[in-house]
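For reference, my_file38.pdb is printed below; it contains PDB, C-alpha atoms and all ligand atoms.
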ATOM      1  CA  MET A   1     -31.125   9.490  -2.935  1.00  0.00           C
ATOM      2  CA  THR A   2     -30.813  13.159  -3.876  1.00  0.00           C
ATOM      3  CA  ASP A   3     -32.907  15.967  -2.362  1.00  0.00           C
ATOM      4  CA  ALA A   4     -34.661  16.296  -5.734  1.00  0.00           C
ATOM      5  CA  ALA A   5     -35.561  12.581  -5.720  1.00  0.00           C
ATOM      6  CA  VAL A   6     -36.979  12.890  -2.203  1.00  0.00           C
ATOM      7  CA  ALA A   7     -39.016  15.952  -3.229  1.00  0.00           C
ATOM      8  CA  THR A   8     -40.477  14.089  -6.225  1.00  0.00           C
ATOM      9  CA  LEU A   9     -41.227  11.077  -4.048  1.00  0.00           C
ATOM     10  CA  THR A  10     -43.089  13.071  -1.389  1.00  0.00           C
ATOM     11  CA  ASP A  11     -44.951  15.151  -4.015  1.00  0.00           C
ATOM     12  CA  ASP A  12     -46.134  11.989  -5.813  1.00  0.00           C
ATOM     13  CA  LEU A  13     -47.162  10.355  -2.551  1.00  0.00           C
ATOM     14  CA  VAL A  14     -49.375  13.353  -1.703  1.00  0.00           C
ATOM     15  CA  ALA A  15     -50.761  13.832  -5.226  1.00  0.00           C
ATOM     16  CA  ARG A  16     -51.614  10.230  -6.099  1.00  0.00           C
ATOM     17  CA  GLY A  17     -50.833   7.976  -3.119  1.00  0.00           C
ATOM     18  CA  TRP A  18     -47.775   6.301  -4.604  1.00  0.00           C
ATOM     19  CA  SER A  19     -44.341   7.010  -6.043  1.00  0.00           C
ATOM     20  CA  TYR A  20     -41.753   5.219  -8.156  1.00  0.00           C
ATOM     21  CA  THR A  21     -38.023   5.964  -7.922  1.00  0.00           C
ATOM     22  CA  PRO A  22     -35.679   4.169 -10.330  1.00  0.00           C
ATOM     23  CA  ASP A  23     -32.079   3.676  -9.113  1.00  0.00           C
ATOM     24  CA  PHE A  24     -32.926   4.521  -5.518  1.00  0.00           C
ATOM     25  CA  LEU A  25     -29.691   2.835  -4.383  1.00  0.00           C
ATOM     26  CA  PRO A  26     -26.446   2.175  -6.328  1.00  0.00           C
ATOM     27  CA  ALA A  27     -26.207  -0.963  -8.463  1.00  0.00           C
ATOM     28  CA  ASP A  28     -23.320  -2.490  -6.461  1.00  0.00           C
ATOM     29  CA  LEU A  29     -25.277  -2.229  -3.220  1.00  0.00           C
ATOM     30  CA  ILE A  30     -28.364  -3.749  -4.864  1.00  0.00           C
ATOM     31  CA  ALA A  31     -26.221  -6.634  -6.175  1.00  0.00           C
ATOM     32  CA  ALA A  32     -24.835  -7.232  -2.666  1.00  0.00           C
ATOM     33  CA  LEU A  33     -28.361  -7.186  -1.165  1.00  0.00           C
ATOM     34  CA  SER A  34     -29.563  -9.608  -3.841  1.00  0.00           C
ATOM     35  CA  ALA A  35     -26.637 -11.967  -3.119  1.00  0.00           C
ATOM     36  CA  GLU A  36     -27.426 -11.724   0.589  1.00  0.00           C
ATOM     37  CA  CYS A  37     -31.066 -12.623  -0.002  1.00  0.00           C
ATOM     38  CA  TYR A  38     -30.051 -15.678  -2.049  1.00  0.00           C
ATOM     39  CA  ALA A  39     -27.504 -16.693   0.631  1.00  0.00           C
ATOM     40  CA  ARG A  40     -30.174 -16.433   3.338  1.00  0.00           C
ATOM     41  CA  ALA A  41     -32.520 -18.560   1.223  1.00  0.00           C
ATOM     42  CA  GLU A  42     -29.807 -21.186   0.684  1.00  0.00           C
ATOM     43  CA  ARG A  43     -29.070 -21.547   4.376  1.00  0.00           C
ATOM     44  CA  GLY A  44     -32.780 -21.917   5.113  1.00  0.00           C
ATOM     45  CA  ALA A  45     -33.167 -18.573   6.889  1.00  0.00           C
ATOM     46  CA  LEU A  46     -36.244 -17.499   4.906  1.00  0.00           C
ATOM     47  CA  ALA A  47     -39.608 -18.809   6.102  1.00  0.00           C
ATOM     48  CA  PRO A  48     -43.013 -18.945   4.391  1.00  0.00           C
ATOM     49  CA  ALA A  49     -44.766 -15.623   5.013  1.00  0.00           C
ATOM     50  CA  ALA A  50     -47.982 -15.662   7.025  1.00  0.00           C
ATOM     51  CA  VAL A  51     -51.103 -13.587   6.527  1.00  0.00           C
ATOM     52  CA  GLY A  52     -53.025 -11.947   9.357  1.00  0.00           C
ATOM     53  CA  ARG A  53     -51.869 -11.056  12.844  1.00  0.00           C
ATOM     54  CA  GLY A  54     -51.732 -12.602  16.297  1.00  0.00           C
ATOM     55  CA  ALA A  55     -53.909 -15.687  16.778  1.00  0.00           C
ATOM     56  CA  GLY A  56     -55.325 -15.288  13.261  1.00  0.00           C
ATOM     57  CA  GLN A  57     -51.890 -15.634  11.652  1.00  0.00           C
ATOM     58  CA  ALA A  58     -51.426 -18.510   9.202  1.00  0.00           C
ATOM     59  CA  VAL A  59     -49.452 -19.507   6.119  1.00  0.00           C
ATOM     60  CA  ARG A  60     -51.837 -19.547   3.131  1.00  0.00           C
ATOM     61  CA  GLU A  61     -50.079 -20.102  -0.157  1.00  0.00           C
ATOM     62  CA  ASN A  62     -53.315 -19.467  -2.054  1.00  0.00           C
ATOM     63  CA  ILE A  63     -53.093 -15.887  -0.706  1.00  0.00           C
ATOM     64  CA  ARG A  64     -49.328 -15.251  -0.581  1.00  0.00           C
ATOM     65  CA  GLY A  65     -46.440 -17.516  -1.586  1.00  0.00           C
ATOM     66  CA  ASP A  66     -43.335 -15.556  -0.658  1.00  0.00           C
ATOM     67  CA  GLN A  67     -40.592 -16.518   1.772  1.00  0.00           C
ATOM     68  CA  ILE A  68     -39.352 -13.819   4.121  1.00  0.00           C
ATOM     69  CA  GLN A  69     -36.869 -12.876   6.816  1.00  0.00           C
ATOM     70  CA  TRP A  70     -37.187  -9.762   8.964  1.00  0.00           C
ATOM     71  CA  LEU A  71     -34.110  -7.529   9.122  1.00  0.00           C
ATOM     72  CA  GLU A  72     -32.285  -6.322  12.185  1.00  0.00           C
ATOM     73  CA  GLY A  73     -29.485  -3.795  12.514  1.00  0.00           C
ATOM     74  CA  GLY A  74     -25.932  -5.153  12.435  1.00  0.00           C
ATOM     75  CA  GLN A  75     -26.582  -8.170  10.198  1.00  0.00           C
ATOM     76  CA  SER A  76     -24.368  -6.992   7.323  1.00  0.00           C
ATOM     77  CA  PRO A  77     -22.785  -3.753   6.082  1.00  0.00           C
ATOM     78  CA  PHE A  78     -25.172  -3.824   3.125  1.00  0.00           C
ATOM     79  CA  THR A  79     -28.396  -4.223   5.076  1.00  0.00           C
ATOM     80  CA  ASP A  80     -27.117  -1.502   7.433  1.00  0.00           C
ATOM     81  CA  VAL A  81     -26.675   0.958   4.545  1.00  0.00           C
ATOM     82  CA  TYR A  82     -30.220   0.113   3.423  1.00  0.00           C
ATOM     83  CA  LEU A  83     -31.612   0.617   6.947  1.00  0.00           C
ATOM     84  CA  LYS A  84     -29.743   3.902   7.327  1.00  0.00           C
ATOM     85  CA  THR A  85     -31.089   5.170   3.985  1.00  0.00           C
ATOM     86  CA  MET A  86     -34.646   4.226   4.938  1.00  0.00           C
ATOM     87  CA  GLY A  87     -34.110   6.050   8.243  1.00  0.00           C
ATOM     88  CA  LYS A  88     -33.209   9.187   6.282  1.00  0.00           C
ATOM     89  CA  LEU A  89     -36.268   8.719   4.109  1.00  0.00           C
ATOM     90  CA  ARG A  90     -38.419   8.395   7.237  1.00  0.00           C
ATOM     91  CA  HIS A  91     -37.124  11.784   8.436  1.00  0.00           C
ATOM     92  CA  ALA A  92     -37.726  13.303   4.995  1.00  0.00           C
ATOM     93  CA  LEU A  93     -41.309  11.997   4.946  1.00  0.00           C
ATOM     94  CA  ASN A  94     -41.895  13.427   8.407  1.00  0.00           C
ATOM     95  CA  GLN A  95     -40.463  16.812   7.461  1.00  0.00           C
ATOM     96  CA  ALA A  96     -42.398  17.075   4.201  1.00  0.00           C
ATOM     97  CA  LEU A  97     -45.703  15.520   5.238  1.00  0.00           C
ATOM     98  CA  TYR A  98     -45.843  15.656   9.069  1.00  0.00           C
ATOM     99  CA  LEU A  99     -46.648  11.962   9.223  1.00  0.00           C
ATOM    100  CA  GLY A 100     -45.120  11.285  12.654  1.00  0.00           C
ATOM    101  CA  LEU A 101     -43.413   8.109  11.484  1.00  0.00           C
ATOM    102  CA  GLU A 102     -41.421   6.654  14.359  1.00  0.00           C
ATOM    103  CA  GLU A 103     -40.343   3.246  13.128  1.00  0.00           C
ATOM    104  CA  PHE A 104     -39.397   1.292  10.036  1.00  0.00           C
ATOM    105  CA  GLU A 105     -39.821  -2.487   9.882  1.00  0.00           C
ATOM    106  CA  THR A 106     -38.623  -4.479   6.898  1.00  0.00           C
ATOM    107  CA  HIS A 107     -38.037  -7.975   5.552  1.00  0.00           C
ATOM    108  CA  PHE A 108     -36.362  -9.696   2.628  1.00  0.00           C
ATOM    109  CA  ALA A 109     -38.943 -11.405   0.416  1.00  0.00           C
ATOM    110  CA  LEU A 110     -38.345 -14.089  -2.184  1.00  0.00           C
ATOM    111  CA  TYR A 111     -41.234 -15.177  -4.409  1.00  0.00           C
ATOM    112  CA  PRO A 112     -40.373 -18.532  -6.026  1.00  0.00           C
ATOM    113  CA  PRO A 113     -41.501 -18.826  -9.677  1.00  0.00           C
ATOM    114  CA  GLY A 114     -45.277 -19.123  -9.940  1.00  0.00           C
ATOM    115  CA  THR A 115     -46.029 -17.686  -6.507  1.00  0.00           C
ATOM    116  CA  PHE A 116     -47.988 -14.480  -5.946  1.00  0.00           C
ATOM    117  CA  TYR A 117     -49.666 -12.275  -3.348  1.00  0.00           C
ATOM    118  CA  GLN A 118     -53.386 -11.713  -3.882  1.00  0.00           C
ATOM    119  CA  GLN A 119     -55.020  -8.278  -3.761  1.00  0.00           C
ATOM    120  CA  HIS A 120     -54.727  -6.697  -0.325  1.00  0.00           C
ATOM    121  CA  VAL A 121     -54.021  -3.513   1.602  1.00  0.00           C
ATOM    122  CA  ASP A 122     -51.084  -3.455   4.014  1.00  0.00           C
ATOM    123  CA  ARG A 123     -52.846  -2.107   7.078  1.00  0.00           C
ATOM    124  CA  PHE A 124     -54.306  -4.611   9.545  1.00  0.00           C
ATOM    125  CA  ASN A 125     -57.866  -4.184  10.843  1.00  0.00           C
ATOM    126  CA  ASP A 126     -56.742  -4.246  14.467  1.00  0.00           C
ATOM    127  CA  ASP A 127     -53.502  -2.279  14.036  1.00  0.00           C
ATOM    128  CA  ASP A 128     -53.358   0.967  12.078  1.00  0.00           C
ATOM    129  CA  ARG A 129     -49.703   1.833  12.731  1.00  0.00           C
ATOM    130  CA  ARG A 130     -48.514   1.139   9.171  1.00  0.00           C
ATOM    131  CA  VAL A 131     -48.722   4.430   7.255  1.00  0.00           C
ATOM    132  CA  VAL A 132     -46.358   4.134   4.272  1.00  0.00           C
ATOM    133  CA  SER A 133     -45.298   0.915   2.519  1.00  0.00           C
ATOM    134  CA  SER A 134     -42.024   0.600   0.610  1.00  0.00           C
ATOM    135  CA  VAL A 135     -40.666  -2.041  -1.748  1.00  0.00           C
ATOM    136  CA  LEU A 136     -37.064  -2.011  -2.997  1.00  0.00           C
ATOM    137  CA  TYR A 137     -36.490  -4.502  -5.820  1.00  0.00           C
ATOM    138  CA  LEU A 138     -33.329  -6.592  -6.189  1.00  0.00           C
ATOM    139  CA  ASN A 139     -33.731  -8.268  -9.593  1.00  0.00           C
ATOM    140  CA  GLN A 140     -31.046  -7.725 -12.241  1.00  0.00           C
ATOM    141  CA  ASP A 141     -32.073  -7.917 -15.907  1.00  0.00           C
ATOM    142  CA  TRP A 142     -35.797  -8.211 -15.252  1.00  0.00           C
ATOM    143  CA  LEU A 143     -37.901  -8.211 -18.437  1.00  0.00           C
ATOM    144  CA  PRO A 144     -41.677  -7.693 -18.779  1.00  0.00           C
ATOM    145  CA  GLN A 145     -42.023 -11.273 -20.071  1.00  0.00           C
ATOM    146  CA  HIS A 146     -40.789 -12.487 -16.657  1.00  0.00           C
ATOM    147  CA  GLY A 147     -44.080 -11.236 -15.169  1.00  0.00           C
ATOM    148  CA  GLY A 148     -43.993 -10.522 -11.439  1.00  0.00           C
ATOM    149  CA  ALA A 149     -45.386  -6.993 -11.615  1.00  0.00           C
ATOM    150  CA  LEU A 150     -46.641  -5.205  -8.555  1.00  0.00           C
ATOM    151  CA  ARG A 151     -50.159  -4.227  -9.686  1.00  0.00           C
ATOM    152  CA  LEU A 152     -51.521  -1.116  -8.015  1.00  0.00           C
ATOM    153  CA  HIS A 153     -55.306  -0.837  -8.156  1.00  0.00           C
ATOM    154  CA  LEU A 154     -55.836   2.907  -8.365  1.00  0.00           C
ATOM    155  CA  LYS A 155     -59.240   4.355  -7.590  1.00  0.00           C
ATOM    156  CA  GLY A 156     -61.171   5.271 -10.740  1.00  0.00           C
ATOM    157  CA  GLN A 157     -58.201   4.531 -13.014  1.00  0.00           C
ATOM    158  CA  PRO A 158     -56.767   1.533 -14.850  1.00  0.00           C
ATOM    159  CA  PRO A 159     -54.407  -0.571 -12.735  1.00  0.00           C
ATOM    160  CA  GLN A 160     -50.742   0.420 -12.778  1.00  0.00           C
ATOM    161  CA  ASP A 161     -48.138  -2.350 -13.169  1.00  0.00           C
ATOM    162  CA  VAL A 162     -44.647  -1.806 -11.765  1.00  0.00           C
ATOM    163  CA  TYR A 163     -41.916  -4.287 -12.718  1.00  0.00           C
ATOM    164  CA  PRO A 164     -39.504  -5.299  -9.954  1.00  0.00           C
ATOM    165  CA  LEU A 165     -36.361  -3.835 -11.566  1.00  0.00           C
ATOM    166  CA  ALA A 166     -33.110  -3.839  -9.600  1.00  0.00           C
ATOM    167  CA  GLY A 167     -32.692  -0.697  -7.526  1.00  0.00           C
ATOM    168  CA  SER A 168     -36.182   0.690  -8.022  1.00  0.00           C
ATOM    169  CA  LEU A 169     -38.262   1.758  -5.040  1.00  0.00           C
ATOM    170  CA  VAL A 170     -42.045   1.913  -4.839  1.00  0.00           C
ATOM    171  CA  ILE A 171     -43.718   3.780  -1.990  1.00  0.00           C
ATOM    172  CA  PHE A 172     -47.449   3.903  -1.319  1.00  0.00           C
ATOM    173  CA  LEU A 173     -49.984   4.681   1.396  1.00  0.00           C
ATOM    174  CA  SER A 174     -50.506   1.490   3.407  1.00  0.00           C
ATOM    175  CA  SER A 175     -54.172   1.982   4.241  1.00  0.00           C
ATOM    176  CA  ASP A 176     -55.452   3.142   0.854  1.00  0.00           C
ATOM    177  CA  MET A 177     -53.619   1.279  -1.875  1.00  0.00           C
ATOM    178  CA  LEU A 178     -55.114  -2.012  -2.979  1.00  0.00           C
ATOM    179  CA  HIS A 179     -52.296  -4.000  -4.619  1.00  0.00           C
ATOM    180  CA  GLU A 180     -51.136  -7.472  -5.608  1.00  0.00           C
ATOM    181  CA  VAL A 181     -48.016  -9.306  -6.764  1.00  0.00           C
ATOM    182  CA  LEU A 182     -48.427 -11.223 -10.023  1.00  0.00           C
ATOM    183  CA  PRO A 183     -46.649 -14.557 -10.556  1.00  0.00           C
ATOM    184  CA  ALA A 184     -43.258 -14.548 -12.274  1.00  0.00           C
ATOM    185  CA  THR A 185     -41.224 -17.040 -14.264  1.00  0.00           C
ATOM    186  CA  ARG A 186     -38.074 -16.461 -12.184  1.00  0.00           C
ATOM    187  CA  PRO A 187     -37.378 -15.865  -8.492  1.00  0.00           C
ATOM    188  CA  ARG A 188     -38.459 -12.362  -7.481  1.00  0.00           C
ATOM    189  CA  LEU A 189     -36.474 -10.664  -4.708  1.00  0.00           C
ATOM    190  CA  SER A 190     -37.225  -7.526  -2.711  1.00  0.00           C
ATOM    191  CA  LEU A 191     -36.874  -5.690   0.548  1.00  0.00           C
ATOM    192  CA  THR A 192     -40.368  -4.756   1.677  1.00  0.00           C
ATOM    193  CA  GLY A 193     -40.908  -2.358   4.546  1.00  0.00           C
ATOM    194  CA  TRP A 194     -43.365  -0.217   6.459  1.00  0.00           C
ATOM    195  CA  PHE A 195     -42.975   3.204   8.031  1.00  0.00           C
ATOM    196  CA  LYS A 196     -45.068   3.155  11.189  1.00  0.00           C
ATOM    197  CA  ARG A 197     -46.488   5.659  13.595  1.00  0.00           C
ATOM    198  CA  ARG A 198     -46.710   4.917  17.294  1.00  0.00           C
TER     199      ARG A 198
HETATM  200  O1  LIG B   1     -43.276  -7.212  -3.538  1.00  0.00           O
HETATM  201  C1  LIG B   1     -44.135  -6.385  -3.839  1.00  0.00           C
HETATM  202  O2  LIG B   1     -44.121  -5.787  -4.923  1.00  0.00           O
HETATM  203  C2  LIG B   1     -45.246  -6.081  -2.852  1.00  0.00           C
HETATM  204  C3  LIG B   1     -45.256  -6.964  -1.637  1.00  0.00           C
HETATM  205  C4  LIG B   1     -46.448  -6.748  -0.756  1.00  0.00           C
HETATM  206  O3  LIG B   1     -47.469  -6.286  -1.194  1.00  0.00           O
HETATM  207  C5  LIG B   1     -46.385  -7.050   0.686  1.00  0.00           C
HETATM  208  O4  LIG B   1     -45.433  -7.720   1.137  1.00  0.00           O
HETATM  209  O5  LIG B   1     -47.303  -6.639   1.415  1.00  0.00           O
HETATM  210 FE    FE B   2     -48.615  -5.476   0.374  1.00  0.00          FE
END
Represent the structure contained in this file as C-alpha cells.
Ligand SMILES: O=C(O)CCC(=O)C(=O)O
Ligand SMILES: [Fe+2]
Amino acid sequence: MTDAAVATLTDDLVARGWSYTPDFLPADLIAALSAECYARAERGALAPAAVGRGAGQAVRENIRGDQIQWLEGGQSPFTDVYLKTMGKLRHALNQALYLGLEEFETHFALYPPGTFYQQHVDRFNDDDRRVVSSVLYLNQDWLPQHGGALRLHLKGQPPQDVYPLAGSLVIFLSSDMLHEVLPATRPRLSLTGWFKRR
C-alpha cells in the first residue's frame, strides 16, 4: 500500500463514498490468507453468519449464506500482516478525513456456491459505531462468469459491480452504501472488516 494508493483511496471515499484498490496486498500473502481460510473451513472453524444484533440475532440463509470466523491478533503471521496493514490504513483514514476511527474488527467469510447476501447497509440501527467497511478478496483466477460480484447501489446512478479478485480491496461508507453479494458458481473468499469509532 503506497502513499499514492492511500491518497487515491481516501479521495475516492470522500468524492463518491467508495473506493477500489487492485493489488492492495502482495499475491503471496493473499494466497496464504486464502489457504488459511480454506484450512479454517476444513477444520470446522467457520460458522454460519447471523444477521442482526443482540437478542435479534439469527442465522437466515435467505438473507445471507456465508460462513465466517472473526480474527484475533496472533493467529498466524499472515493474518497479523493483514491486521497491521489495516491498522496503518485506519491511521491514514484518520489523518486524511478526521474520522476518529479507534478500532478495526474483521472476519474471514466464505460464501459456498449459490449463496448470497441480500441488499443491506452495514450499520446497525442501535449501534452506529461502524463508519467504514472494507472487503479484501482472496479468490485467484476469478472470472466474470463465476458471478459473485459485490453490487454497490449508488444513489442516482446505475449499480456498480465489483468482482472479488484476489488482492483487491473495496472500501465504502458503512451507513450510506446499500450493497449486496450476488451468488457465485465457486466458493467466494474474503476478509471483511469495519473501522469503528468509539
Ligand atoms: O463480501 C462482500 O463483497 C461484501 C460482504 C458484506 O456486505 C458484509 O459482510 O456485510
Ligand atoms: Fe455488507
Expansion of the PyMOL selection byres (((chain A and resi 160) around 12) and not hetatm) into residues, as a PDB file with C-alpha atoms, in the coordinates of the input:
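New file result-v7.pdb:
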ATOM      1  CA  ARG A  16     -51.614  10.230  -6.099  1.00  0.00           C
ATOM      2  CA  TRP A  18     -47.775   6.301  -4.604  1.00  0.00           C
ATOM      3  CA  SER A  19     -44.341   7.010  -6.043  1.00  0.00           C
ATOM      4  CA  TYR A  20     -41.753   5.219  -8.156  1.00  0.00           C
ATOM      5  CA  ALA A 149     -45.386  -6.993 -11.615  1.00  0.00           C
ATOM      6  CA  LEU A 150     -46.641  -5.205  -8.555  1.00  0.00           C
ATOM      7  CA  ARG A 151     -50.159  -4.227  -9.686  1.00  0.00           C
ATOM      8  CA  LEU A 152     -51.521  -1.116  -8.015  1.00  0.00           C
ATOM      9  CA  HIS A 153     -55.306  -0.837  -8.156  1.00  0.00           C
ATOM     10  CA  LEU A 154     -55.836   2.907  -8.365  1.00  0.00           C
ATOM     11  CA  LYS A 155     -59.240   4.355  -7.590  1.00  0.00           C
ATOM     12  CA  GLY A 156     -61.171   5.271 -10.740  1.00  0.00           C
ATOM     13  CA  GLN A 157     -58.201   4.531 -13.014  1.00  0.00           C
ATOM     14  CA  PRO A 158     -56.767   1.533 -14.850  1.00  0.00           C
ATOM     15  CA  PRO A 159     -54.407  -0.571 -12.735  1.00  0.00           C
ATOM     16  CA  ASP A 161     -48.138  -2.350 -13.169  1.00  0.00           C
ATOM     17  CA  VAL A 162     -44.647  -1.806 -11.765  1.00  0.00           C
ATOM     18  CA  TYR A 163     -41.916  -4.287 -12.718  1.00  0.00           C
ATOM     19  CA  VAL A 170     -42.045   1.913  -4.839  1.00  0.00           C
ATOM     20  CA  MET A 177     -53.619   1.279  -1.875  1.00  0.00           C
ATOM     21  CA  LEU A 178     -55.114  -2.012  -2.979  1.00  0.00           C
ATOM     22  CA  HIS A 179     -52.296  -4.000  -4.619  1.00  0.00           C
ATOM     23  CA  GLU A 180     -51.136  -7.472  -5.608  1.00  0.00           C
ATOM     24  CA  VAL A 181     -48.016  -9.306  -6.764  1.00  0.00           C
TER      25      VAL A 181
END
Please measure the separation of atom C1 of ligand LIG 1 (chain B) and CA of Glu72 (chain A), giving the value in Å to one decimal.
->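 Computed distance, atom C1 of ligand LIG 1 (chain B) to CA of Glu72 (chain A), equals 19.9 Å.
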Within 8 Å of ligand FE 2 (chain B), counting all atoms listed in the file, residues as an MDAnalysis selection string = chainID A and resid 117 120:122 133 174 179:180
Region 80-86 of chain A surroundings by only C-alpha atoms, 9 Å radius, close-in-sequence under 4 positions cut, as a ChimeraX atom specification | /A:1,25,29,33,71-76,90-91,104,106,195
Check what the PyMOL selection byres (((chain A and resi 132) around 7) and not hetatm) selects in the file above and give those residues as a list in words.
->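 Selection result, ordered by chain and number: Arg130, Val131, Ser133, Ser134, Ile171, Phe172, Leu173, Ser174, Trp194 and Phe195 of chain A.
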For CA of Gly100 (chain A) and CA of Gly52 (chain A), quote the distance in Å rounded to one decimal.
->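 Atom-to-atom, CA of Gly100 (chain A) and CA of Gly52 (chain A) are spaced 24.8 Å apart.
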Pick out the residues sitting within 8 Å of Gly167 (chain A), and hand them over as a PyMOL selection string; count only C-alpha atoms, and ignore anything fewer than 6 positions along from it in its own chain.
-> chain A and resi 22-27+30+136-139
Between CA of Gln118 (chain A) and CA of Arg186 (chain A), what is the spacing in Å?
-> 18.1 Å
A:Arg188, A:Asn125, A:Thr115, A:Thr21: which is nearest Leu169 (chain A), counting only C-alpha atoms?
-> A:Thr21
List every protein, DNA or RNA residue that has an atom no more than 9 Å from (-31.4, -15.6, 9.1) in the file's coordinate frame, counting all atoms listed in the file, and report them as a ChimeraX atom specification.
-> /A:40-41,43-46,69-71,75
Of the candidates A:Leu189, A:Ala184, A:Asn62, A:Lys88, which one gets nearest to ligand LIG 1 (chain B) if we count all atoms listed in the file?
->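 Result for the nearest residue to ligand LIG 1 (chain B): A:Leu189.
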The PyMOL selection byres (((chain A and resi 185) around 9) and not hetatm) on the file shown: which residues, as a PyMOL selection string?
-> chain A and resi 112-114+145-148+183-184+186-188
Pull C-alpha atoms from the residues just selected and write them as a tab-separated table (two decimals), keeping the file's coordinate frame.
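What landed in out21.tsv:
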chain	number	residue	atom	x	y	z
A	112	PRO	CA	-40.37	-18.53	-6.03
A	113	PRO	CA	-41.50	-18.83	-9.68
A	114	GLY	CA	-45.28	-19.12	-9.94
A	145	GLN	CA	-42.02	-11.27	-20.07
A	146	HIS	CA	-40.79	-12.49	-16.66
A	147	GLY	CA	-44.08	-11.24	-15.17
A	148	GLY	CA	-43.99	-10.52	-11.44
A	183	PRO	CA	-46.65	-14.56	-10.56
A	184	ALA	CA	-43.26	-14.55	-12.27
A	186	ARG	CA	-38.07	-16.46	-12.18
A	187	PRO	CA	-37.38	-15.86	-8.49
A	188	ARG	CA	-38.46	-12.36	-7.48
Spatial neighbours of Gln140 (chain A), max dist 8 Å, all atoms listed in the file, sep filter under 5 positions, as a ChimeraX atom specification = /A:31,165-166
Restricted to C-alpha atoms, what would the selected residues look like written as a PDB file, in the coordinates of the input?
ATOM      1  CA  ALA A  31     -26.221  -6.634  -6.175  1.00  0.00           C
ATOM      2  CA  LEU A 165     -36.361  -3.835 -11.566  1.00  0.00           C
ATOM      3  CA  ALA A 166     -33.110  -3.839  -9.600  1.00  0.00           C
TER       4      ALA A 166
END
